[in-house]
$ cat entry04.txt   # compact mmCIF, C-alpha atoms
# COMPACT_ATOMS: atom_id res chain seq x y z
CA MET A 1 0.00 0.00 0.00
CA THR A 2 1.08 3.58 -0.63
CA PHE A 3 -0.19 6.78 0.92
CA GLU A 4 -0.57 8.91 -2.19
CA GLY A 5 -4.14 9.78 -1.26
CA ILE A 6 -3.15 11.50 1.97
CA ALA A 7 -3.28 15.27 1.58
CA ARG A 8 -0.19 16.17 3.63
CA PRO A 9 3.10 14.99 2.06
CA GLY A 10 4.80 14.72 5.46
CA ARG A 11 2.16 12.36 6.77
CA ALA A 12 2.27 10.23 3.64
CA ALA A 13 6.06 10.03 3.95
CA LEU A 14 5.78 9.01 7.62
CA GLY A 15 3.38 6.20 6.75
CA GLN A 16 5.76 4.90 4.12
CA VAL A 17 8.68 5.04 6.54
CA LEU A 18 6.74 2.98 9.10
CA LEU A 19 5.89 0.40 6.43
CA ASP A 20 9.41 0.22 5.02
CA ALA A 21 10.91 -0.18 8.50
CA GLY A 22 8.54 -3.05 9.28
CA VAL A 23 7.21 -1.22 12.34
CA MET A 24 3.73 -1.06 10.82
CA GLY A 25 2.32 -4.07 9.02
CA GLU A 26 0.36 -3.75 5.80
CA ASP A 27 -2.78 -4.69 7.72
CA TRP A 28 -2.48 -1.50 9.81
CA ALA A 29 -1.87 0.82 6.85
CA PRO A 30 -5.60 1.54 6.25
CA THR A 31 -5.93 2.52 9.92
CA PHE A 32 -2.94 4.84 9.67
CA ALA A 33 -4.53 6.45 6.61
CA ALA A 34 -7.89 6.88 8.35
CA VAL A 35 -6.79 7.94 11.86
CA ASP A 36 -4.85 11.20 11.62
CA ARG A 37 -2.55 11.92 14.56
CA ALA A 38 -2.99 15.67 14.00
CA ALA A 39 -6.74 15.38 14.67
CA PHE A 40 -5.98 14.35 18.26
CA LEU A 41 -3.38 16.98 19.17
CA PRO A 42 -4.02 20.27 21.01
CA GLU A 43 -3.25 23.56 19.31
CA LEU A 44 -0.47 24.27 21.82
CA MET A 45 1.87 21.32 22.11
CA TRP A 46 5.51 20.54 22.91
CA PRO A 47 7.22 18.20 20.42
CA PHE A 48 10.69 16.90 21.23
CA ASP A 49 13.30 18.98 19.40
CA THR A 50 16.46 16.99 18.65
CA ARG A 51 18.56 20.14 18.29
CA ALA A 52 17.44 21.59 21.59
CA GLN A 53 17.34 18.11 23.20
CA GLY A 54 14.09 19.00 24.88
CA ALA A 55 10.44 19.91 24.38
CA VAL A 56 9.75 23.14 22.50
CA ALA A 57 6.31 24.79 22.29
CA ILE A 58 4.52 25.13 18.95
CA ASP A 59 1.22 27.01 18.66
CA LYS A 60 -0.87 25.96 15.68
CA ALA A 61 -2.42 29.41 15.31
CA GLU A 62 0.98 31.10 15.08
CA HIS A 63 3.02 28.46 13.24
CA PRO A 64 0.66 26.08 11.37
CA ASN A 65 3.33 24.69 9.04
CA ALA A 66 5.67 23.84 11.92
CA TRP A 67 2.73 22.42 13.89
CA TYR A 68 1.74 20.03 11.10
CA ALA A 69 5.38 19.12 10.45
CA ALA A 70 5.70 18.10 14.11
CA ALA A 71 2.42 16.17 14.00
CA ASP A 72 3.66 14.27 10.96
CA SER A 73 7.06 13.47 12.45
CA ASP A 74 8.16 10.32 14.25
CA ALA A 75 8.75 12.20 17.48
CA PRO A 76 7.03 12.25 20.87
CA ILE A 77 4.87 15.28 21.66
CA VAL A 78 4.06 16.44 25.18
CA THR A 79 0.42 17.48 25.50
CA GLN A 80 0.21 18.11 29.27
CA TRP A 81 2.59 19.16 32.04
CA ASP A 82 2.34 18.77 35.81
CA ASP A 83 -1.00 16.89 35.82
CA GLY A 84 -2.70 19.86 34.18
CA GLU A 85 -1.60 22.50 36.67
CA HIS A 86 0.82 24.04 34.17
CA THR A 87 -0.17 27.05 32.03
CA GLY A 88 1.61 29.04 29.33
CA PRO A 89 3.90 28.12 26.46
CA GLU A 90 7.05 27.39 28.45
CA PRO A 91 7.52 23.70 29.32
CA GLY A 92 6.47 22.67 32.82
CA ARG A 93 8.40 20.60 35.34
CA VAL A 94 7.15 17.09 34.57
CA SER A 95 5.46 15.88 31.39
CA THR A 96 2.28 13.98 32.36
CA SER A 97 0.52 13.24 29.07
CA SER A 98 1.79 12.92 25.53
CA SER A 99 1.39 11.62 22.01
CA SER A 100 3.88 8.79 21.59
CA MET A 101 6.12 8.35 18.56
CA PRO A 102 4.08 6.82 15.71
CA SER A 103 6.73 4.11 15.31
CA VAL A 104 6.20 3.15 18.95
CA VAL A 105 2.40 3.24 18.69
CA TYR A 106 2.26 1.04 15.61
CA GLY A 107 4.94 -1.24 17.01
CA LEU A 108 2.72 -1.84 20.05
CA LEU A 109 -0.28 -2.45 17.81
CA ARG A 110 1.75 -4.96 15.80
CA ASP A 111 2.76 -6.80 18.99
CA LEU A 112 -0.88 -6.80 20.11
CA ALA A 113 -1.89 -9.02 17.16
CA VAL A 114 -5.43 -7.69 17.32
CA ASP A 115 -8.13 -8.30 14.76
CA GLU A 116 -11.64 -7.24 13.89
CA GLY A 117 -14.20 -8.19 16.51
CA MET A 118 -11.75 -8.61 19.38
CA ALA A 119 -12.55 -6.97 22.71
CA VAL A 120 -9.71 -4.66 23.70
CA LEU A 121 -8.88 -2.67 26.85
CA ASP A 122 -6.73 0.41 26.15
CA VAL A 123 -5.10 1.73 29.34
CA GLY A 124 -4.10 5.39 29.17
CA THR A 125 -6.35 7.16 26.66
CA GLY A 126 -4.06 10.20 26.34
CA THR A 127 -4.87 12.08 23.17
CA GLY A 128 -7.21 9.29 22.04
CA GLU A 129 -5.27 8.38 18.90
CA THR A 130 -4.44 4.81 19.95
CA ALA A 131 -8.02 4.16 21.07
CA GLY A 132 -9.15 5.58 17.74
CA ALA A 133 -6.82 3.26 15.82
CA LEU A 134 -8.11 0.27 17.79
CA ALA A 135 -11.74 1.33 17.24
CA HIS A 136 -11.11 1.63 13.50
CA ARG A 137 -9.58 -1.86 13.41
CA CYS A 138 -11.86 -3.72 15.84
CA GLY A 139 -15.10 -1.75 15.84
CA GLY A 140 -15.85 0.99 18.37
CA ARG A 141 -18.10 -1.05 20.65
CA LYS A 142 -15.33 -3.60 21.10
CA VAL A 143 -12.79 -1.11 22.49
CA THR A 144 -12.75 0.29 26.02
CA THR A 145 -10.25 3.02 26.83
CA VAL A 146 -9.53 4.24 30.37
CA GLU A 147 -7.94 7.56 31.41
CA VAL A 148 -7.35 8.82 34.95
CA ASP A 149 -7.12 12.55 34.17
CA PRO A 150 -10.55 14.22 33.73
CA ALA A 151 -9.36 16.95 31.35
CA VAL A 152 -7.33 14.55 29.22
CA SER A 153 -10.24 12.12 29.06
CA ARG A 154 -12.72 14.86 28.11
CA HIS A 155 -10.54 16.21 25.30
CA ALA A 156 -9.92 12.71 23.95
CA ARG A 157 -13.64 11.94 23.86
CA GLN A 158 -14.29 15.15 21.95
CA ARG A 159 -11.59 14.40 19.39
CA LEU A 160 -12.70 10.80 18.96
CA ALA A 161 -16.29 11.88 18.37
CA ALA A 162 -15.18 14.52 15.86
CA ALA A 163 -13.27 11.80 13.99
CA GLY A 164 -16.34 9.55 13.96
CA LEU A 165 -14.67 6.99 16.23
CA ARG A 166 -16.58 5.87 19.31
CA PRO A 167 -14.79 3.50 21.65
CA GLU A 168 -16.17 3.34 25.17
CA ALA A 169 -14.18 6.07 26.93
CA VAL A 170 -14.06 5.64 30.71
CA LEU A 171 -12.74 8.05 33.33
CA GLY A 172 -10.96 5.99 35.98
CA ASP A 173 -7.83 4.31 37.26
CA GLY A 174 -6.44 2.22 34.42
CA GLY A 175 -4.62 0.04 36.92
CA LYS A 176 -8.01 -1.36 37.89
CA GLY A 177 -8.94 -2.09 34.29
CA CYS A 178 -12.64 -1.88 33.48
CA ALA A 179 -14.53 -4.92 34.75
CA GLY A 180 -17.81 -3.81 33.22
CA SER A 181 -16.61 -4.54 29.68
CA ALA A 182 -14.53 -7.63 30.50
CA PRO A 183 -13.45 -10.20 29.50
CA TYR A 184 -10.96 -8.87 26.97
CA ASP A 185 -9.06 -10.58 24.21
CA ARG A 186 -6.32 -7.98 24.39
CA VAL A 187 -5.04 -5.40 26.89
CA LEU A 188 -2.79 -2.59 25.70
CA ALA A 189 -1.14 -0.18 28.12
CA THR A 190 0.39 3.02 26.81
CA VAL A 191 1.72 3.93 30.25
CA GLY A 192 4.77 2.42 31.93
CA VAL A 193 4.28 0.08 34.87
CA ARG A 194 6.51 -1.37 37.56
CA GLU A 195 3.97 -4.05 38.46
CA ILE A 196 1.45 -5.69 36.13
CA PRO A 197 -1.92 -5.07 37.82
CA GLY A 198 -3.73 -8.25 38.74
CA ALA A 199 -6.96 -6.76 37.38
CA TRP A 200 -5.54 -6.85 33.84
CA ILE A 201 -4.93 -10.60 34.08
CA GLU A 202 -8.27 -11.27 35.77
CA GLN A 203 -10.14 -9.35 33.06
CA THR A 204 -8.38 -11.09 30.14
CA ARG A 205 -9.54 -14.36 28.62
CA PRO A 206 -7.18 -17.36 28.82
CA GLY A 207 -5.05 -17.16 25.71
CA GLY A 208 -5.47 -13.40 25.58
CA VAL A 209 -2.52 -11.04 25.31
CA ILE A 210 -1.35 -8.16 27.50
CA ILE A 211 1.06 -5.61 26.02
CA ALA A 212 2.62 -3.22 28.52
CA PRO A 213 5.79 -1.11 28.88
CA TRP A 214 7.39 -2.60 32.00
CA GLY A 215 10.51 -1.72 33.91
CA THR A 216 12.09 -1.28 37.31
CA HIS A 217 12.73 1.79 39.43
CA TYR A 218 16.45 1.58 38.60
CA THR A 219 15.99 3.92 35.62
CA HIS A 220 13.12 5.30 33.52
CA ALA A 221 13.85 2.70 30.84
CA ASP A 222 11.09 0.21 30.00
CA ALA A 223 10.76 -2.75 27.68
CA VAL A 224 7.58 -3.96 26.03
CA ALA A 225 6.29 -7.05 27.84
CA ARG A 226 4.13 -9.34 25.69
CA LEU A 227 2.33 -11.64 28.11
CA VAL A 228 -0.05 -14.48 27.30
CA VAL A 229 -2.70 -15.12 29.97
CA ARG A 230 -3.09 -18.69 31.13
CA GLY A 231 -6.08 -20.50 32.57
CA ASP A 232 -4.42 -20.71 36.00
CA GLY A 233 -4.49 -16.93 36.44
CA THR A 234 -0.86 -16.33 35.50
CA ALA A 235 0.61 -14.51 32.51
CA SER A 236 4.03 -14.93 30.96
CA GLY A 237 6.06 -13.88 27.95
CA ARG A 238 9.16 -12.19 26.61
CA PHE A 239 10.07 -8.55 26.23
CA THR A 240 10.06 -7.41 22.62
CA ARG A 241 12.07 -4.17 22.55
CA PRO A 242 13.06 -1.12 24.62
CA VAL A 243 10.74 1.87 25.07
CA GLU A 244 10.21 4.63 27.61
CA PHE A 245 6.77 5.76 28.78
CA MET A 246 5.27 8.04 31.38
CA LYS A 247 4.38 5.93 34.37
CA LEU A 248 0.94 4.85 35.56
CA ARG A 249 0.05 7.50 38.13
CA GLY A 250 -0.58 4.93 40.83
CA GLN A 251 2.94 3.54 40.33
CA ARG A 252 4.97 6.72 40.18
CA LEU A 253 8.09 6.75 42.32
CA SER A 254 8.56 9.43 44.96
CA LEU A 255 12.28 9.35 45.78
CA PRO A 256 13.43 11.10 48.99
CA PRO A 257 15.72 14.09 48.39
CA HIS A 258 19.47 13.64 48.07
CA HIS A 259 20.17 15.12 51.50
CA ALA A 260 18.01 12.42 53.11
CA TYR A 261 20.70 9.93 52.03
CA VAL A 262 23.99 11.79 51.96
CA PRO A 263 25.12 13.91 54.93
CA ALA A 264 26.02 17.53 54.39
CA GLU A 265 29.74 16.73 54.55
CA GLY A 266 29.26 14.36 51.62
CA GLU A 267 31.64 11.48 52.36
CA GLY A 268 30.95 11.15 56.08
CA GLY A 269 30.89 7.52 57.15
CA ALA A 270 31.20 6.13 53.63
CA ASP A 271 33.50 3.29 52.66
CA THR A 272 35.74 3.99 49.68
CA SER A 273 37.01 1.75 46.93
CA ALA A 274 37.69 1.81 43.19
CA THR A 275 36.25 0.17 40.10
CA GLY A 276 37.73 -0.59 36.71
CA ILE A 277 34.45 -0.51 34.79
CA PRO A 278 34.96 2.14 32.08
CA GLU A 279 32.64 5.14 31.94
CA GLY A 280 31.86 4.47 28.27
CA GLU A 281 30.81 0.93 29.14
CA PHE A 282 28.66 1.81 32.13
CA ILE A 283 26.96 5.02 30.97
CA THR A 284 25.06 3.87 27.94
CA PRO A 285 23.01 5.58 25.21
CA PRO A 286 19.21 5.56 25.39
CA TYR A 287 17.48 2.19 25.02
CA ALA A 288 20.63 0.18 25.74
CA ALA A 289 20.15 -3.18 27.46
CA LEU A 290 22.58 -2.71 30.36
CA PRO A 291 20.49 -0.35 32.58
CA PHE A 292 17.45 -2.58 32.06
CA ALA A 293 19.43 -5.68 33.03
CA LEU A 294 20.95 -3.97 36.08
CA GLY A 295 17.47 -3.02 37.27
CA LEU A 296 16.39 -6.65 37.01
CA ARG A 297 19.31 -7.82 39.16
CA VAL A 298 19.57 -4.96 41.69
CA ARG A 299 16.16 -4.53 43.28
CA HIS A 300 14.82 -1.49 45.10
CA CYS A 301 17.51 0.86 43.81
CA VAL A 302 17.53 4.05 41.71
CA GLN A 303 20.43 5.19 39.53
CA VAL A 304 20.92 8.89 38.75
CA VAL A 305 23.60 9.92 36.24
CA ALA A 306 24.79 13.47 36.82
CA ALA A 307 25.95 15.82 34.09
CA PRO A 308 29.73 15.88 33.52
CA HIS A 309 31.59 18.76 35.17
CA ASP A 310 35.30 19.60 34.96
CA GLY A 311 36.10 16.23 33.46
CA ALA A 312 34.21 14.25 36.11
CA ARG A 313 30.84 12.49 35.96
CA PRO A 314 29.23 11.18 39.15
CA VAL A 315 26.69 8.35 39.13
CA TRP A 316 24.53 8.07 42.26
CA LEU A 317 22.70 5.04 43.60
CA TYR A 318 19.90 5.33 46.17
CA GLY A 319 18.25 2.47 48.06
CA LEU A 320 14.47 2.42 48.25
CA THR A 321 14.06 0.20 51.31
CA ASP A 322 16.54 2.13 53.49
CA ARG A 323 18.92 5.08 53.17
CA SER A 324 21.81 3.18 51.63
CA TRP A 325 23.63 5.12 48.93
CA ALA A 326 26.66 4.90 46.68
CA CYS A 327 28.49 7.18 44.29
CA VAL A 328 31.00 6.36 41.60
CA VAL A 329 32.90 9.23 39.96
CA PHE A 330 34.34 8.67 36.49
CA ARG A 331 37.14 11.02 35.45
CA GLU A 332 38.51 11.60 31.98
CA GLY A 333 41.79 9.84 31.34
CA GLU A 334 41.67 7.74 34.53
CA ALA A 335 41.43 3.96 34.31
CA GLN A 336 39.97 3.60 37.80
CA ALA A 337 36.89 5.37 39.13
CA ARG A 338 36.54 6.15 42.83
CA VAL A 339 33.57 4.73 44.73
CA TRP A 340 31.83 5.75 47.98
CA GLN A 341 29.22 3.55 49.70
CA ALA A 342 27.24 3.89 52.92
CA GLY A 343 24.26 2.27 54.61
CA GLU A 344 23.08 -1.29 55.20
CA ARG A 345 23.55 -2.24 51.54
CA ARG A 346 26.66 -1.89 49.42
CA LEU A 347 24.83 -0.74 46.35
CA TRP A 348 27.83 -0.34 44.09
CA ASP A 349 29.01 -3.84 44.94
CA GLU A 350 25.55 -5.12 43.95
CA VAL A 351 25.63 -3.16 40.70
CA GLU A 352 29.16 -4.26 39.87
CA ALA A 353 28.19 -7.90 40.47
CA ALA A 354 25.12 -7.48 38.26
CA TYR A 355 27.29 -5.96 35.53
CA GLY A 356 29.65 -8.93 35.73
CA TRP A 357 26.68 -11.30 35.48
CA TRP A 358 25.35 -9.49 32.41
CA VAL A 359 28.75 -9.63 30.67
CA GLY A 360 29.10 -13.30 31.59
CA GLN A 361 25.72 -14.07 30.00
CA GLY A 362 26.87 -12.62 26.68
CA ARG A 363 25.50 -9.09 27.18
CA PRO A 364 21.87 -10.12 26.49
CA GLU A 365 19.49 -7.72 24.82
CA HIS A 366 15.95 -7.04 26.06
CA SER A 367 14.37 -9.79 23.98
CA ARG A 368 16.25 -12.54 25.83
CA PHE A 369 14.53 -11.55 29.06
CA GLY A 370 10.97 -12.42 30.04
CA LEU A 371 8.40 -11.82 32.75
CA THR A 372 5.99 -14.14 34.54
CA VAL A 373 3.21 -12.72 36.70
CA GLY A 374 1.34 -14.91 39.13
CA PRO A 375 -1.37 -14.37 41.71
CA GLY A 376 -0.67 -14.24 45.43
CA PRO A 377 2.88 -14.74 46.77
CA ALA A 378 4.25 -15.79 43.35
CA GLY A 379 4.24 -12.11 42.38
CA GLN A 380 6.40 -10.99 39.46
CA ARG A 381 9.39 -13.01 38.34
CA VAL A 382 11.85 -12.22 35.57
CA TRP A 383 14.03 -14.64 33.65
CA LEU A 384 16.72 -14.91 31.05
CA ASP A 385 16.02 -17.40 28.24
CA ASP A 386 14.30 -19.98 30.48
CA PRO A 387 11.11 -19.21 32.49
CA ALA A 388 11.96 -22.08 34.84
CA ASP A 389 15.11 -20.22 35.98
CA SER A 390 13.54 -17.01 37.30
CA TRP A 391 14.02 -14.56 40.14
CA SER A 392 11.82 -12.01 41.90
CA ALA A 393 11.34 -8.66 40.23
$ encode --input "entry04.txt" --output "structure tokens"
Amino acid sequence: MTFEGIARPGRAALGQVLLDAGVMGEDWAPTFAAVDRAAFLPELMWPFDTRAQGAVAIDKAEHPNAWYAAADSDAPIVTQWDDGEHTGPEPGRVSTSSSSMPSVVYGLLRDLAVDEGMAVLDVGTGTGETAGALAHRCGGRKVTTVEVDPAVSRHARQRLAAAGLRPEAVLGDGGKGCAGSAPYDRVLATVGVREIPGAWIEQTRPGGVIIAPWGTHYTHADAVARLVVRGDGTASGRFTRPVEFMKLRGQRLSLPPHHAYVPAEGEGGADTSATGIPEGEFITPPYAALPFALGLRVRHCVQVVAAPHDGARPVWLYGLTDRSWACVVFREGEAQARVWQAGERRLWDEVEAAYGWWVGQGRPEHSRFGLTVGPGPAGQRVWLDDPADSWSA
């Protein structure tokens, strides 16, 4: 299929790019042609600018050409800051709703393996575009979309109606699913989670599929979990590829401030050591497998990479179950990095051991890992290659 009939050249080009890259299958091309991302975006929005390395405001009324160019790009677009408390064109503190990259959206839809007539739960309505795409593919009455933010939900319903797409749009906590429309053949989350809610499994038919961006608190990095629900109330499957999503509001992390961990004098009471792990090996580009793997092996820990200054780059580690902390400082031209650790846990030792394990396993990518979710004390377990050899997540 080609997109010659689409009025905007940029949008037609984007559709062809998604097809050529294999991100969007031919079966989703008619939906892409019918469900226009631009129809779901607000007039004031904040697309990610690669040159500025941040979100930059574009007002449709003032710069329509730039606005449509951003809408037709394969870039994420922030549509809300600070849970709606933010006003004005300048970016807010924390982005809390967005339009995901089209390549990510259609990659998730491909993983979902959905078809006409299937009942689908869409968690995180956002702009409404994904719910609209599902409604176009499956039929509106078969799709239920849930959004926790009243303003976001209201705007999405308006845009869906204007586009002639009518999934059941529910205002509520997506972590609880929507029992009234269950059971579902498919569940798609477009918010990141740290725990797969039990309600999603309970509301999915045996043999049904759950697609969700899942990760640990170690970093913001997620990977797409593709889980098949079993008749015994469990769900299991591999990760498909790396992504990064805003987190389900009920699972957001509230990390204590730095001074709650580290005394004012900085090194007071800390043990010191050195590590030979190179900075270029440890501090990875976006979507690399190492931070994801470290989060799987080092539980209840957050890593924060500071900006380089005067040839030095600190990396901080904070414990989530106590006030243990560690800091490793990489310096240009030095083979060894200095390490400080304090508290009940030796967090750097844990991270260094996890790094050694990852290297010893052949530096596995995301798709070699998997996740099994069970009811009760079984909880969440992750695994590498073999589900029978798993550990708690």
$ atom_distance --input "entry04.txt" --atom1 "CA of Ser97 in chain A" --atom2 "CA of Gln80 in chain A"
4.9 Å
$ atom_distance --input "entry04.txt" --atom1 "CA of Phe48 in chain A" --atom2 "CA of Trp67 in chain A"
12.2 Å
$ residues_around --input "entry04.txt" --residues "range 295-301 of chain A" --least-positions-apart "3" --cutoff "10 Å" --atoms "only C-alpha atoms" --output "VMD selection string"
chain A and resid 215 to 219 221 290 to 292 317 to 322 324 to 325 347 to 348 350 to 355 357 to 358 369 381 to 383 391 to 393
$ write_last_selection --input "entry04.txt" --atoms "C-alpha atoms" --output "mmCIF file, in the coordinates of the input"
data_model
loop_
_atom_site.group_PDB
_atom_site.id
_atom_site.type_symbol
_atom_site.label_atom_id
_atom_site.label_comp_id
_atom_site.auth_asym_id
_atom_site.auth_seq_id
_atom_site.Cartn_x
_atom_site.Cartn_y
_atom_site.Cartn_z
ATOM 1 C CA GLY A 215 10.510 -1.720 33.910
ATOM 2 C CA THR A 216 12.090 -1.280 37.310
ATOM 3 C CA HIS A 217 12.730 1.790 39.430
ATOM 4 C CA TYR A 218 16.450 1.580 38.600
ATOM 5 C CA THR A 219 15.990 3.920 35.620
ATOM 6 C CA ALA A 221 13.850 2.700 30.840
ATOM 7 C CA LEU A 290 22.580 -2.710 30.360
ATOM 8 C CA PRO A 291 20.490 -0.350 32.580
ATOM 9 C CA PHE A 292 17.450 -2.580 32.060
ATOM 10 C CA LEU A 317 22.700 5.040 43.600
ATOM 11 C CA TYR A 318 19.900 5.330 46.170
ATOM 12 C CA GLY A 319 18.250 2.470 48.060
ATOM 13 C CA LEU A 320 14.470 2.420 48.250
ATOM 14 C CA THR A 321 14.060 0.200 51.310
ATOM 15 C CA ASP A 322 16.540 2.130 53.490
ATOM 16 C CA SER A 324 21.810 3.180 51.630
ATOM 17 C CA TRP A 325 23.630 5.120 48.930
ATOM 18 C CA LEU A 347 24.830 -0.740 46.350
ATOM 19 C CA TRP A 348 27.830 -0.340 44.090
ATOM 20 C CA GLU A 350 25.550 -5.120 43.950
ATOM 21 C CA VAL A 351 25.630 -3.160 40.700
ATOM 22 C CA GLU A 352 29.160 -4.260 39.870
ATOM 23 C CA ALA A 353 28.190 -7.900 40.470
ATOM 24 C CA ALA A 354 25.120 -7.480 38.260
ATOM 25 C CA TYR A 355 27.290 -5.960 35.530
ATOM 26 C CA TRP A 357 26.680 -11.300 35.480
ATOM 27 C CA TRP A 358 25.350 -9.490 32.410
ATOM 28 C CA PHE A 369 14.530 -11.550 29.060
ATOM 29 C CA ARG A 381 9.390 -13.010 38.340
ATOM 30 C CA VAL A 382 11.850 -12.220 35.570
ATOM 31 C CA TRP A 383 14.030 -14.640 33.650
ATOM 32 C CA TRP A 391 14.020 -14.560 40.140
ATOM 33 C CA SER A 392 11.820 -12.010 41.900
ATOM 34 C CA ALA A 393 11.340 -8.660 40.230
#
$ closest_residue --input "entry04.txt" --among "A:Gly374, A:Gly117, A:Gly126, A:Gly250" --to "Cys138 in chain A" --atoms "only C-alpha atoms"
A:Gly117
$ atom_distance --input "entry04.txt" --atom1 "CA of Thr190 in chain A" --atom2 "CA of Arg8 in chain A"
26.7 Å
$ closest_atom_pairs --input "entry04.txt" --of "range 198-308 of chain A" --to "range 83-96 of chain A" --cutoff "10 Å" --atoms "all atoms listed in the file" --output "tab-separated table"
residue	atom	partner	partner_atom	distance
A:Met246	CA	A:Thr96	CA	6.7
A:Lys247	CA	A:Thr96	CA	8.6
A:Leu248	CA	A:Thr96	CA	9.8
A:Arg249	CA	A:Thr96	CA	9.0
$ write_last_selection --input "entry04.txt" --atoms "C-alpha atoms" --output "CSV table (one decimal), in the coordinates of the input"
chain,number,residue,atom,x,y,z
A,246,MET,CA,5.3,8.0,31.4
A,247,LYS,CA,4.4,5.9,34.4
A,248,LEU,CA,0.9,4.8,35.6
A,249,ARG,CA,0.0,7.5,38.1
$ closest_residue --input "entry04.txt" --among "A:Arg194, A:Gln251, A:Glu202, A:His220" --to "Asp173 in chain A" --atoms "all atoms listed in the file"
A:Gln251
$ closest_residue --input "entry04.txt" --among "A:Ala335, A:Leu134, A:Leu112, A:Ala156" --to "Leu227 in chain A" --atoms "only C-alpha atoms"
A:Leu112
$ closest_residue --input "entry04.txt" --among "A:Gln341, A:Thr31, A:Gln158, A:Gln380" --to "Tyr261 in chain A" --atoms "all atoms listed in the file"
A:Gln341
$ residues_around --input "entry04.txt" --residues "His136 in chain A" --least-positions-apart "2" --cutoff "12 Å" --atoms "only C-alpha atoms" --output "NGL selection string"
:A and (27-36 or 114-118 or 129-134 or 138-143 or 160 or 163-167)
$ write_last_selection --input "entry04.txt" --atoms "C-alpha atoms" --output "PDB file, in the coordinates of the input"
ATOM      1  CA  ASP A  27      -2.780  -4.690   7.720  1.00  0.00           C
ATOM      2  CA  TRP A  28      -2.480  -1.500   9.810  1.00  0.00           C
ATOM      3  CA  ALA A  29      -1.870   0.820   6.850  1.00  0.00           C
ATOM      4  CA  PRO A  30      -5.600   1.540   6.250  1.00  0.00           C
ATOM      5  CA  THR A  31      -5.930   2.520   9.920  1.00  0.00           C
ATOM      6  CA  PHE A  32      -2.940   4.840   9.670  1.00  0.00           C
ATOM      7  CA  ALA A  33      -4.530   6.450   6.610  1.00  0.00           C
ATOM      8  CA  ALA A  34      -7.890   6.880   8.350  1.00  0.00           C
ATOM      9  CA  VAL A  35      -6.790   7.940  11.860  1.00  0.00           C
ATOM     10  CA  ASP A  36      -4.850  11.200  11.620  1.00  0.00           C
ATOM     11  CA  VAL A 114      -5.430  -7.690  17.320  1.00  0.00           C
ATOM     12  CA  ASP A 115      -8.130  -8.300  14.760  1.00  0.00           C
ATOM     13  CA  GLU A 116     -11.640  -7.240  13.890  1.00  0.00           C
ATOM     14  CA  GLY A 117     -14.200  -8.190  16.510  1.00  0.00           C
ATOM     15  CA  MET A 118     -11.750  -8.610  19.380  1.00  0.00           C
ATOM     16  CA  GLU A 129      -5.270   8.380  18.900  1.00  0.00           C
ATOM     17  CA  THR A 130      -4.440   4.810  19.950  1.00  0.00           C
ATOM     18  CA  ALA A 131      -8.020   4.160  21.070  1.00  0.00           C
ATOM     19  CA  GLY A 132      -9.150   5.580  17.740  1.00  0.00           C
ATOM     20  CA  ALA A 133      -6.820   3.260  15.820  1.00  0.00           C
ATOM     21  CA  LEU A 134      -8.110   0.270  17.790  1.00  0.00           C
ATOM     22  CA  CYS A 138     -11.860  -3.720  15.840  1.00  0.00           C
ATOM     23  CA  GLY A 139     -15.100  -1.750  15.840  1.00  0.00           C
ATOM     24  CA  GLY A 140     -15.850   0.990  18.370  1.00  0.00           C
ATOM     25  CA  ARG A 141     -18.100  -1.050  20.650  1.00  0.00           C
ATOM     26  CA  LYS A 142     -15.330  -3.600  21.100  1.00  0.00           C
ATOM     27  CA  VAL A 143     -12.790  -1.110  22.490  1.00  0.00           C
ATOM     28  CA  LEU A 160     -12.700  10.800  18.960  1.00  0.00           C
ATOM     29  CA  ALA A 163     -13.270  11.800  13.990  1.00  0.00           C
ATOM     30  CA  GLY A 164     -16.340   9.550  13.960  1.00  0.00           C
ATOM     31  CA  LEU A 165     -14.670   6.990  16.230  1.00  0.00           C
ATOM     32  CA  ARG A 166     -16.580   5.870  19.310  1.00  0.00           C
ATOM     33  CA  PRO A 167     -14.790   3.500  21.650  1.00  0.00           C
TER      34      PRO A 167
END
$ closest_residue --input "entry04.txt" --among "A:Pro197, A:Pro314, A:Gly356, A:Pro257" --to "Ile277 in chain A" --atoms "all atoms listed in the file"
A:Gly356
$ closest_residue --input "entry04.txt" --among "A:Tyr287, A:Trp340, A:Trp214, A:Phe330" --to "Ser273 in chain A" --atoms "all atoms listed in the file"
A:Trp340
$ residues_around --input "entry04.txt" --residues "Pro286 in chain A" --least-positions-apart "6" --cutoff "10 Å" --atoms "all atoms listed in the file" --output "VMD selection string"
chain A and resid 221 242 to 244
$ residues_around --input "entry04.txt" --residues "Ser100 in chain A" --least-positions-apart "6" --cutoff "9 Å" --atoms "all atoms listed in the file" --output "list in words"
Asp74, Ala75, Pro76, Ile77, Val78, Thr190 and Phe245 of chain A
$ residues_around --input "entry04.txt" --residues "Phe40 in chain A" --least-positions-apart "4" --cutoff "7 Å" --atoms "only C-alpha atoms" --output "PyMOL selection string"
chain A and resi 127-129+159
